[in-house]
file upload37.cif (mmCIF, N, CA and C atoms and all ligand atoms)
data_start
loop_
_atom_site.label_atom_id
_atom_site.label_comp_id
_atom_site.auth_asym_id
_atom_site.auth_seq_id
_atom_site.Cartn_x
_atom_site.Cartn_y
_atom_site.Cartn_z
N MET A 1 -9.43 34.20 44.88
CA MET A 1 -8.08 33.66 44.92
C MET A 1 -7.26 34.34 43.85
N GLU A 2 -6.08 34.68 44.22
CA GLU A 2 -5.21 35.42 43.34
C GLU A 2 -4.27 34.45 42.61
N SER A 3 -4.12 34.64 41.30
CA SER A 3 -3.20 33.80 40.53
C SER A 3 -1.90 34.54 40.31
N THR A 4 -0.83 33.85 40.46
CA THR A 4 0.48 34.44 40.23
C THR A 4 1.16 33.68 39.10
N PHE A 5 1.61 34.44 38.13
CA PHE A 5 2.32 33.80 37.02
C PHE A 5 3.79 34.17 37.10
N THR A 6 4.57 33.24 36.91
CA THR A 6 6.01 33.50 36.84
C THR A 6 6.45 33.25 35.41
N VAL A 7 7.62 33.67 35.08
CA VAL A 7 8.15 33.46 33.74
C VAL A 7 8.22 31.98 33.43
N GLY A 8 8.58 31.22 34.41
CA GLY A 8 8.70 29.77 34.19
C GLY A 8 7.37 29.12 33.90
N SER A 9 6.29 29.60 34.43
CA SER A 9 4.98 28.99 34.21
C SER A 9 4.42 29.29 32.83
N LEU A 10 4.97 30.25 32.13
CA LEU A 10 4.49 30.59 30.79
C LEU A 10 5.25 29.85 29.69
N LYS A 11 6.22 29.09 30.09
CA LYS A 11 6.97 28.32 29.10
C LYS A 11 6.09 27.20 28.57
N PRO A 12 6.20 26.93 27.28
CA PRO A 12 5.40 25.82 26.74
C PRO A 12 5.81 24.51 27.38
N VAL A 13 4.83 23.73 27.65
CA VAL A 13 5.06 22.44 28.28
C VAL A 13 4.88 21.35 27.24
N ALA A 14 5.81 20.43 27.21
CA ALA A 14 5.68 19.31 26.29
C ALA A 14 4.57 18.39 26.77
N ARG A 15 3.62 18.12 25.90
CA ARG A 15 2.50 17.25 26.27
C ARG A 15 2.53 16.04 25.33
N PRO A 16 3.10 14.98 25.80
CA PRO A 16 3.27 13.82 24.92
C PRO A 16 1.95 13.24 24.42
N PHE A 17 0.86 13.48 25.11
CA PHE A 17 -0.42 12.92 24.66
C PHE A 17 -1.05 13.74 23.54
N MET A 18 -0.51 14.91 23.28
CA MET A 18 -1.04 15.75 22.21
C MET A 18 -0.12 15.66 21.00
N ARG A 19 -0.69 15.54 19.85
CA ARG A 19 0.12 15.55 18.64
C ARG A 19 -0.62 16.34 17.58
N SER A 20 0.14 16.87 16.69
CA SER A 20 -0.50 17.67 15.65
C SER A 20 -1.07 16.74 14.58
N VAL A 21 -2.21 17.11 14.10
CA VAL A 21 -2.89 16.34 13.07
C VAL A 21 -3.16 17.29 11.91
N SER A 22 -2.71 16.93 10.73
CA SER A 22 -2.99 17.80 9.59
C SER A 22 -4.35 17.42 9.01
N VAL A 23 -5.14 18.42 8.82
CA VAL A 23 -6.48 18.23 8.29
C VAL A 23 -6.59 19.03 7.00
N ALA A 24 -7.04 18.38 5.95
CA ALA A 24 -7.20 19.08 4.68
C ALA A 24 -8.37 20.05 4.78
N SER A 25 -8.14 21.27 4.43
CA SER A 25 -9.23 22.24 4.45
C SER A 25 -10.06 22.08 3.19
N PRO A 26 -11.31 22.57 3.21
CA PRO A 26 -12.13 22.46 2.01
C PRO A 26 -11.50 23.14 0.80
N LYS A 27 -10.70 24.19 1.06
CA LYS A 27 -10.04 24.88 -0.05
C LYS A 27 -8.62 24.36 -0.25
N GLY A 28 -8.25 23.32 0.46
CA GLY A 28 -6.89 22.82 0.43
C GLY A 28 -6.45 22.35 -0.95
N ASP A 29 -5.15 22.15 -1.05
CA ASP A 29 -4.58 21.71 -2.32
C ASP A 29 -4.89 20.24 -2.59
N THR A 30 -4.99 19.46 -1.53
CA THR A 30 -5.21 18.03 -1.68
C THR A 30 -6.71 17.73 -1.68
N PRO A 31 -7.23 17.17 -2.77
CA PRO A 31 -8.66 16.86 -2.77
C PRO A 31 -8.98 15.72 -1.82
N LEU A 32 -10.15 15.78 -1.23
CA LEU A 32 -10.57 14.69 -0.35
C LEU A 32 -10.89 13.48 -1.21
N ALA A 33 -10.64 12.31 -0.67
CA ALA A 33 -10.89 11.08 -1.42
C ALA A 33 -12.39 10.89 -1.60
N ALA A 34 -12.79 10.70 -2.80
CA ALA A 34 -14.21 10.49 -3.10
C ALA A 34 -14.46 8.99 -3.24
N PRO A 35 -15.65 8.54 -2.89
CA PRO A 35 -15.92 7.12 -3.08
C PRO A 35 -15.90 6.80 -4.56
N PRO A 36 -15.52 5.59 -4.91
CA PRO A 36 -15.44 5.25 -6.33
C PRO A 36 -16.81 5.33 -6.99
N SER A 37 -16.82 5.75 -8.23
CA SER A 37 -18.08 5.85 -8.97
C SER A 37 -18.26 4.66 -9.90
N VAL A 38 -17.38 3.70 -9.81
CA VAL A 38 -17.47 2.49 -10.62
C VAL A 38 -17.32 1.28 -9.70
N ILE A 39 -17.68 0.15 -10.23
CA ILE A 39 -17.48 -1.10 -9.50
C ILE A 39 -16.22 -1.73 -10.07
N GLN A 40 -15.25 -1.93 -9.21
CA GLN A 40 -14.01 -2.56 -9.67
C GLN A 40 -14.04 -4.02 -9.25
N VAL A 41 -13.88 -4.91 -10.23
CA VAL A 41 -13.92 -6.34 -9.93
C VAL A 41 -12.67 -7.01 -10.47
N GLU A 42 -12.38 -8.17 -9.90
CA GLU A 42 -11.26 -8.98 -10.38
C GLU A 42 -11.79 -10.37 -10.67
N GLN A 43 -11.40 -10.87 -11.83
CA GLN A 43 -11.78 -12.24 -12.20
C GLN A 43 -10.57 -12.91 -12.84
N LYS A 44 -10.16 -14.00 -12.28
CA LYS A 44 -9.03 -14.78 -12.79
C LYS A 44 -7.79 -13.91 -13.03
N GLY A 45 -7.50 -13.04 -12.07
CA GLY A 45 -6.29 -12.22 -12.13
C GLY A 45 -6.40 -10.96 -12.97
N GLU A 46 -7.53 -10.74 -13.62
CA GLU A 46 -7.72 -9.52 -14.41
C GLU A 46 -8.69 -8.60 -13.69
N ARG A 47 -8.40 -7.30 -13.77
CA ARG A 47 -9.25 -6.31 -13.12
C ARG A 47 -10.06 -5.55 -14.17
N PHE A 48 -11.30 -5.28 -13.81
CA PHE A 48 -12.22 -4.58 -14.72
C PHE A 48 -12.97 -3.51 -13.94
N MET A 49 -13.32 -2.43 -14.65
CA MET A 49 -14.13 -1.35 -14.08
C MET A 49 -15.48 -1.39 -14.77
N VAL A 50 -16.54 -1.56 -13.99
CA VAL A 50 -17.90 -1.64 -14.54
C VAL A 50 -18.66 -0.41 -14.07
N GLN A 51 -19.26 0.30 -15.02
CA GLN A 51 -20.10 1.44 -14.67
C GLN A 51 -21.41 0.93 -14.07
N PRO A 52 -21.83 1.45 -12.94
CA PRO A 52 -23.09 1.00 -12.36
C PRO A 52 -24.27 1.32 -13.27
N SER A 53 -25.22 0.41 -13.31
CA SER A 53 -26.42 0.58 -14.13
C SER A 53 -27.56 -0.08 -13.37
N ALA A 54 -28.39 0.73 -12.73
CA ALA A 54 -29.42 0.23 -11.83
C ALA A 54 -30.37 -0.74 -12.53
N GLY A 55 -30.69 -1.82 -11.82
CA GLY A 55 -31.70 -2.75 -12.28
C GLY A 55 -31.19 -3.88 -13.15
N VAL A 56 -29.92 -3.93 -13.45
CA VAL A 56 -29.38 -5.04 -14.24
C VAL A 56 -28.32 -5.75 -13.40
N SER A 57 -27.96 -6.96 -13.85
CA SER A 57 -26.94 -7.70 -13.12
C SER A 57 -25.57 -7.13 -13.44
N LEU A 58 -24.65 -7.41 -12.55
CA LEU A 58 -23.26 -6.99 -12.77
C LEU A 58 -22.74 -7.58 -14.07
N LEU A 59 -23.08 -8.83 -14.35
CA LEU A 59 -22.62 -9.48 -15.59
C LEU A 59 -23.21 -8.80 -16.82
N ASP A 60 -24.51 -8.55 -16.82
CA ASP A 60 -25.13 -7.90 -17.98
C ASP A 60 -24.54 -6.51 -18.21
N ALA A 61 -24.35 -5.76 -17.13
CA ALA A 61 -23.76 -4.43 -17.28
C ALA A 61 -22.35 -4.53 -17.87
N ALA A 62 -21.58 -5.48 -17.37
CA ALA A 62 -20.21 -5.64 -17.88
C ALA A 62 -20.23 -6.01 -19.37
N LEU A 63 -21.09 -6.96 -19.73
CA LEU A 63 -21.14 -7.39 -21.14
C LEU A 63 -21.60 -6.24 -22.04
N GLN A 64 -22.58 -5.46 -21.57
CA GLN A 64 -23.05 -4.30 -22.34
C GLN A 64 -21.95 -3.28 -22.55
N GLN A 65 -21.02 -3.23 -21.61
CA GLN A 65 -19.91 -2.26 -21.70
C GLN A 65 -18.68 -2.86 -22.38
N GLY A 66 -18.84 -4.06 -22.94
CA GLY A 66 -17.74 -4.69 -23.67
C GLY A 66 -16.68 -5.31 -22.78
N ILE A 67 -17.04 -5.55 -21.53
CA ILE A 67 -16.09 -6.16 -20.60
C ILE A 67 -16.27 -7.67 -20.64
N PRO A 68 -15.23 -8.40 -20.98
CA PRO A 68 -15.37 -9.84 -21.22
C PRO A 68 -15.32 -10.69 -19.96
N LEU A 69 -16.29 -10.53 -19.07
CA LEU A 69 -16.32 -11.39 -17.88
C LEU A 69 -16.67 -12.81 -18.31
N ASP A 70 -15.94 -13.75 -17.78
CA ASP A 70 -16.21 -15.16 -18.08
C ASP A 70 -17.54 -15.56 -17.44
N HIS A 71 -18.33 -16.33 -18.15
CA HIS A 71 -19.63 -16.78 -17.64
C HIS A 71 -20.09 -17.96 -18.49
N LYS A 72 -21.16 -18.59 -18.04
CA LYS A 72 -21.70 -19.71 -18.81
C LYS A 72 -23.22 -19.78 -18.68
N CYS A 73 -23.71 -20.13 -17.50
CA CYS A 73 -25.14 -20.45 -17.35
C CYS A 73 -26.03 -19.22 -17.17
N LYS A 74 -25.53 -18.20 -16.57
CA LYS A 74 -26.31 -17.00 -16.20
C LYS A 74 -27.48 -17.32 -15.27
N LYS A 75 -27.40 -18.44 -14.58
CA LYS A 75 -28.47 -18.84 -13.67
C LYS A 75 -27.98 -18.99 -12.22
N GLY A 76 -26.71 -18.77 -12.00
CA GLY A 76 -26.19 -18.90 -10.65
C GLY A 76 -25.83 -20.32 -10.29
N THR A 77 -25.64 -21.20 -11.28
CA THR A 77 -25.33 -22.59 -10.96
C THR A 77 -23.89 -22.98 -11.26
N CYS A 78 -23.30 -22.48 -12.33
CA CYS A 78 -21.96 -22.95 -12.72
C CYS A 78 -20.83 -22.29 -11.92
N GLY A 79 -21.02 -21.08 -11.49
CA GLY A 79 -20.00 -20.38 -10.72
C GLY A 79 -18.89 -19.75 -11.55
N ARG A 80 -18.97 -19.84 -12.88
CA ARG A 80 -17.88 -19.30 -13.72
C ARG A 80 -17.81 -17.79 -13.72
N CYS A 81 -18.89 -17.13 -13.38
CA CYS A 81 -18.90 -15.66 -13.41
C CYS A 81 -18.43 -15.06 -12.09
N ALA A 82 -17.94 -15.88 -11.17
CA ALA A 82 -17.54 -15.38 -9.85
C ALA A 82 -16.47 -14.30 -10.00
N VAL A 83 -16.67 -13.22 -9.27
CA VAL A 83 -15.71 -12.12 -9.25
C VAL A 83 -15.46 -11.71 -7.80
N THR A 84 -14.35 -11.05 -7.60
CA THR A 84 -14.08 -10.40 -6.32
C THR A 84 -14.31 -8.92 -6.51
N VAL A 85 -15.19 -8.36 -5.70
CA VAL A 85 -15.47 -6.93 -5.80
C VAL A 85 -14.42 -6.19 -4.98
N LEU A 86 -13.64 -5.36 -5.67
CA LEU A 86 -12.55 -4.63 -5.02
C LEU A 86 -13.00 -3.25 -4.56
N ALA A 87 -13.95 -2.66 -5.27
CA ALA A 87 -14.45 -1.33 -4.89
C ALA A 87 -15.84 -1.15 -5.46
N GLY A 88 -16.62 -0.33 -4.78
CA GLY A 88 -17.96 0.00 -5.27
C GLY A 88 -19.01 -1.05 -4.95
N ALA A 89 -18.77 -1.86 -3.94
CA ALA A 89 -19.73 -2.91 -3.58
C ALA A 89 -21.09 -2.33 -3.19
N TYR A 90 -21.09 -1.07 -2.74
CA TYR A 90 -22.36 -0.46 -2.31
C TYR A 90 -23.31 -0.22 -3.48
N PHE A 91 -22.86 -0.40 -4.72
CA PHE A 91 -23.76 -0.30 -5.87
C PHE A 91 -24.56 -1.59 -6.05
N LEU A 92 -24.19 -2.64 -5.33
CA LEU A 92 -24.82 -3.95 -5.51
C LEU A 92 -25.80 -4.26 -4.39
N ALA A 93 -26.90 -4.91 -4.76
CA ALA A 93 -27.87 -5.38 -3.78
C ALA A 93 -27.23 -6.51 -2.96
N PRO A 94 -27.77 -6.79 -1.79
CA PRO A 94 -27.22 -7.90 -0.99
C PRO A 94 -27.25 -9.22 -1.77
N LYS A 95 -26.42 -10.14 -1.34
CA LYS A 95 -26.31 -11.44 -2.02
C LYS A 95 -27.64 -12.18 -2.04
N THR A 96 -27.87 -12.86 -3.13
CA THR A 96 -29.05 -13.72 -3.24
C THR A 96 -28.77 -15.04 -2.52
N ARG A 97 -29.80 -15.83 -2.35
CA ARG A 97 -29.63 -17.14 -1.71
C ARG A 97 -28.62 -17.98 -2.50
N ARG A 98 -28.73 -17.98 -3.83
CA ARG A 98 -27.79 -18.74 -4.67
C ARG A 98 -26.35 -18.29 -4.46
N GLU A 99 -26.17 -16.99 -4.40
CA GLU A 99 -24.82 -16.49 -4.18
C GLU A 99 -24.28 -16.94 -2.84
N ARG A 100 -25.12 -16.85 -1.81
CA ARG A 100 -24.68 -17.27 -0.48
C ARG A 100 -24.31 -18.75 -0.47
N GLU A 101 -25.03 -19.56 -1.25
CA GLU A 101 -24.72 -20.99 -1.31
C GLU A 101 -23.38 -21.23 -2.03
N LYS A 102 -23.09 -20.42 -3.05
CA LYS A 102 -21.89 -20.63 -3.88
C LYS A 102 -20.64 -19.98 -3.31
N THR A 103 -20.79 -18.85 -2.66
CA THR A 103 -19.62 -18.11 -2.19
C THR A 103 -19.78 -17.77 -0.73
N ASN A 104 -18.79 -18.11 0.05
CA ASN A 104 -18.86 -17.79 1.47
C ASN A 104 -17.97 -16.61 1.84
N GLN A 105 -17.25 -16.06 0.85
CA GLN A 105 -16.40 -14.90 1.12
C GLN A 105 -17.21 -13.63 0.83
N PRO A 106 -17.20 -12.67 1.73
CA PRO A 106 -18.03 -11.48 1.55
C PRO A 106 -17.78 -10.74 0.23
N ALA A 107 -16.54 -10.66 -0.23
CA ALA A 107 -16.23 -9.88 -1.44
C ALA A 107 -16.50 -10.66 -2.73
N LYS A 108 -16.72 -11.96 -2.63
CA LYS A 108 -16.99 -12.77 -3.83
C LYS A 108 -18.46 -12.62 -4.21
N ARG A 109 -18.68 -12.39 -5.49
CA ARG A 109 -20.05 -12.29 -6.00
C ARG A 109 -20.17 -13.09 -7.28
N LEU A 110 -21.37 -13.60 -7.51
CA LEU A 110 -21.67 -14.19 -8.82
C LEU A 110 -22.17 -13.04 -9.67
N ALA A 111 -21.43 -12.69 -10.69
CA ALA A 111 -21.77 -11.50 -11.49
C ALA A 111 -23.15 -11.63 -12.13
N CYS A 112 -23.57 -12.85 -12.46
CA CYS A 112 -24.88 -13.02 -13.10
C CYS A 112 -26.02 -12.86 -12.11
N GLN A 113 -25.74 -12.98 -10.83
CA GLN A 113 -26.79 -12.89 -9.80
C GLN A 113 -26.75 -11.57 -9.05
N ALA A 114 -25.61 -10.90 -9.07
CA ALA A 114 -25.46 -9.65 -8.32
C ALA A 114 -26.18 -8.53 -9.06
N GLN A 115 -27.28 -8.09 -8.46
CA GLN A 115 -28.07 -7.02 -9.08
C GLN A 115 -27.59 -5.67 -8.59
N MET A 116 -27.62 -4.71 -9.51
CA MET A 116 -27.22 -3.35 -9.13
C MET A 116 -28.43 -2.61 -8.59
N LYS A 117 -28.18 -1.79 -7.58
CA LYS A 117 -29.26 -1.01 -6.95
C LYS A 117 -29.52 0.24 -7.78
S1 LIG A 201 -22.78 -17.63 -15.22
FE1 LIG A 201 -23.03 -19.48 -14.14
S2 LIG A 201 -23.15 -18.85 -12.08
FE2 LIG A 201 -23.07 -17.00 -13.18
#
call {"tool": "encode", "arguments": {"input": "upload37.cif", "output": "structure tokens"}}
result
Amino acid sequence: MESTFTVGSLKPVARPFMRSVSVASPKGDTPLAAPPSVIQVEQKGERFMVQPSAGVSLLDAALQQGIPLDHKCKKGTCGRCAVTVLAGAYFLAPKTRREREKTNQPAKRLACQAQMK
């Protein structure tokens, strides 16, 4: 079968379903967003950045780093150490039974019970 092209058939056709997408190249000027390397938490309206430290609780790591997270019992009973994890939740082990009993919101953690991986 023979194809015939005319001048009109070579004109660009508007394709509404296609749109341009800008993609950052590896050498591009804009760096790709990296996952956070810290755990960002909020407690009583204040935000804190805690450096991950495997094998210790979020509360102990914060206190070791001079971060004044409010707490009392350190046993998971009083609930005073509750924080909202804003970023870096993947540094924390899944919620313990006590945490699940105290907090039903996924981002809420008891800092004294939340162990770092
Ligand atoms: S300090 Fe009491 S629950 Fe964490």
call {"tool": "residues_near_ligand", "arguments": {"input": "upload37.cif", "ligand": "ligand LIG 201 (chain A)", "cutoff": "6.5 Å", "atoms": "all atoms listed in the file", "output": "list in words"}}
result
Asp70, His71, Lys72, Cys73, Lys74, Lys75, Gly76, Thr77, Cys78, Gly79, Arg80, Cys81, Ala82, Leu110, Ala111, Cys112 and Gln113 of chain A
call {"tool": "closest_residue", "arguments": {"input": "upload37.cif", "among": "A:Ala107, A:Ala87, A:Met116, A:Leu69", "to": "Pro36 in chain A", "atoms": "all atoms listed in the file"}}
result
A:Ala87
call {"tool": "atom_distance", "arguments": {"input": "upload37.cif", "atom1": "atom C of Ala61 in chain A", "atom2": "atom N of Leu32 in chain A"}}
result
29.0 Å
call {"tool": "residues_around", "arguments": {"input": "upload37.cif", "residues": "Gly88 in chain A", "least_positions_apart": "2", "cutoff": "5 Å", "atoms": "all atoms listed in the file", "output": "PyMOL selection string"}}
result
chain A and resi 38-40+86+90-91
call {"tool": "residues_near_point", "arguments": {"input": "upload37.cif", "point": "(-28.5, -9.8, -7.5)", "cutoff": "12 Å", "atoms": "only C-alpha atoms", "output": "VMD selection string"}}
result
chain A and resid 54 to 60 74 to 76 89 91 to 100 109 to 117
call {"tool": "atom_distance", "arguments": {"input": "upload37.cif", "atom1": "atom C of Lys108 in chain A", "atom2": "atom C of Gln43 in chain A"}}
result
11.7 Å
call {"tool": "residues_around", "arguments": {"input": "upload37.cif", "residues": "Ser37 in chain A", "least_positions_apart": "4", "cutoff": "7 Å", "atoms": "only N, CA and C atoms", "output": "PyMOL selection string"}}
result
chain A and resi 50-52+88
call {"tool": "select_by_dssp", "arguments": {"input": "upload37.cif", "residues": "range 69-115 of chain A", "states": "helix (DSSP H, G or I)", "output": "ChimeraX atom specification"}}
result
/A:89-91,97-102
call {"tool": "atom_distance", "arguments": {"input": "upload37.cif", "atom1": "CA of Lys44 in chain A", "atom2": "CA of Glu101 in chain A"}}
result
20.4 Å
call {"tool": "closest_residue", "arguments": {"input": "upload37.cif", "among": "A:Thr84, A:Pro68, A:Ala33, A:Ser53", "to": "Asn104 in chain A", "atoms": "only C-alpha atoms"}}
result
A:Thr84
call {"tool": "decode", "arguments": {"input": "upload37.cif", "residues": "range 70-87 of chain A", "atoms": "N, CA and C atoms", "output": "compact mmCIF listing (two decimals), in the first residue's frame"}}
result
# COMPACT_ATOMS: atom_id res chain seq x y z
N ASP A 70 8.41 16.88 76.72
CA ASP A 70 7.70 16.69 77.98
C ASP A 70 7.45 15.20 78.19
N HIS A 71 7.60 14.75 79.41
CA HIS A 71 7.39 13.33 79.74
C HIS A 71 7.24 13.21 81.25
N LYS A 72 6.86 12.02 81.69
CA LYS A 72 6.73 11.80 83.13
C LYS A 72 7.09 10.37 83.50
N CYS A 73 6.25 9.41 83.10
CA CYS A 73 6.41 8.04 83.61
C CYS A 73 7.45 7.22 82.87
N LYS A 74 7.63 7.46 81.61
CA LYS A 74 8.51 6.66 80.73
C LYS A 74 8.07 5.20 80.66
N LYS A 75 6.82 4.93 80.98
CA LYS A 75 6.31 3.55 80.94
C LYS A 75 5.14 3.39 79.97
N GLY A 76 4.75 4.45 79.33
CA GLY A 76 3.63 4.36 78.40
C GLY A 76 2.28 4.47 79.07
N THR A 77 2.23 5.01 80.29
CA THR A 77 0.94 5.09 80.98
C THR A 77 0.38 6.51 81.07
N CYS A 78 1.22 7.52 81.25
CA CYS A 78 0.70 8.88 81.49
C CYS A 78 0.29 9.59 80.20
N GLY A 79 0.94 9.30 79.11
CA GLY A 79 0.62 9.94 77.83
C GLY A 79 1.23 11.32 77.65
N ARG A 80 2.02 11.80 78.60
CA ARG A 80 2.57 13.16 78.49
C ARG A 80 3.62 13.29 77.40
N CYS A 81 4.23 12.21 77.00
CA CYS A 81 5.29 12.28 75.98
C CYS A 81 4.73 12.18 74.57
N ALA A 82 3.41 12.20 74.42
CA ALA A 82 2.81 12.04 73.09
C ALA A 82 3.31 13.12 72.13
N VAL A 83 3.68 12.68 70.95
CA VAL A 83 4.13 13.60 69.90
C VAL A 83 3.44 13.24 68.60
N THR A 84 3.42 14.19 67.70
CA THR A 84 2.98 13.93 66.33
C THR A 84 4.23 13.87 65.48
N VAL A 85 4.40 12.76 64.78
CA VAL A 85 5.56 12.61 63.91
C VAL A 85 5.23 13.26 62.57
N LEU A 86 5.99 14.29 62.23
CA LEU A 86 5.75 15.05 61.00
C LEU A 86 6.58 14.51 59.84
N ALA A 87 7.75 13.97 60.14
CA ALA A 87 8.62 13.42 59.09
C ALA A 87 9.56 12.40 59.71
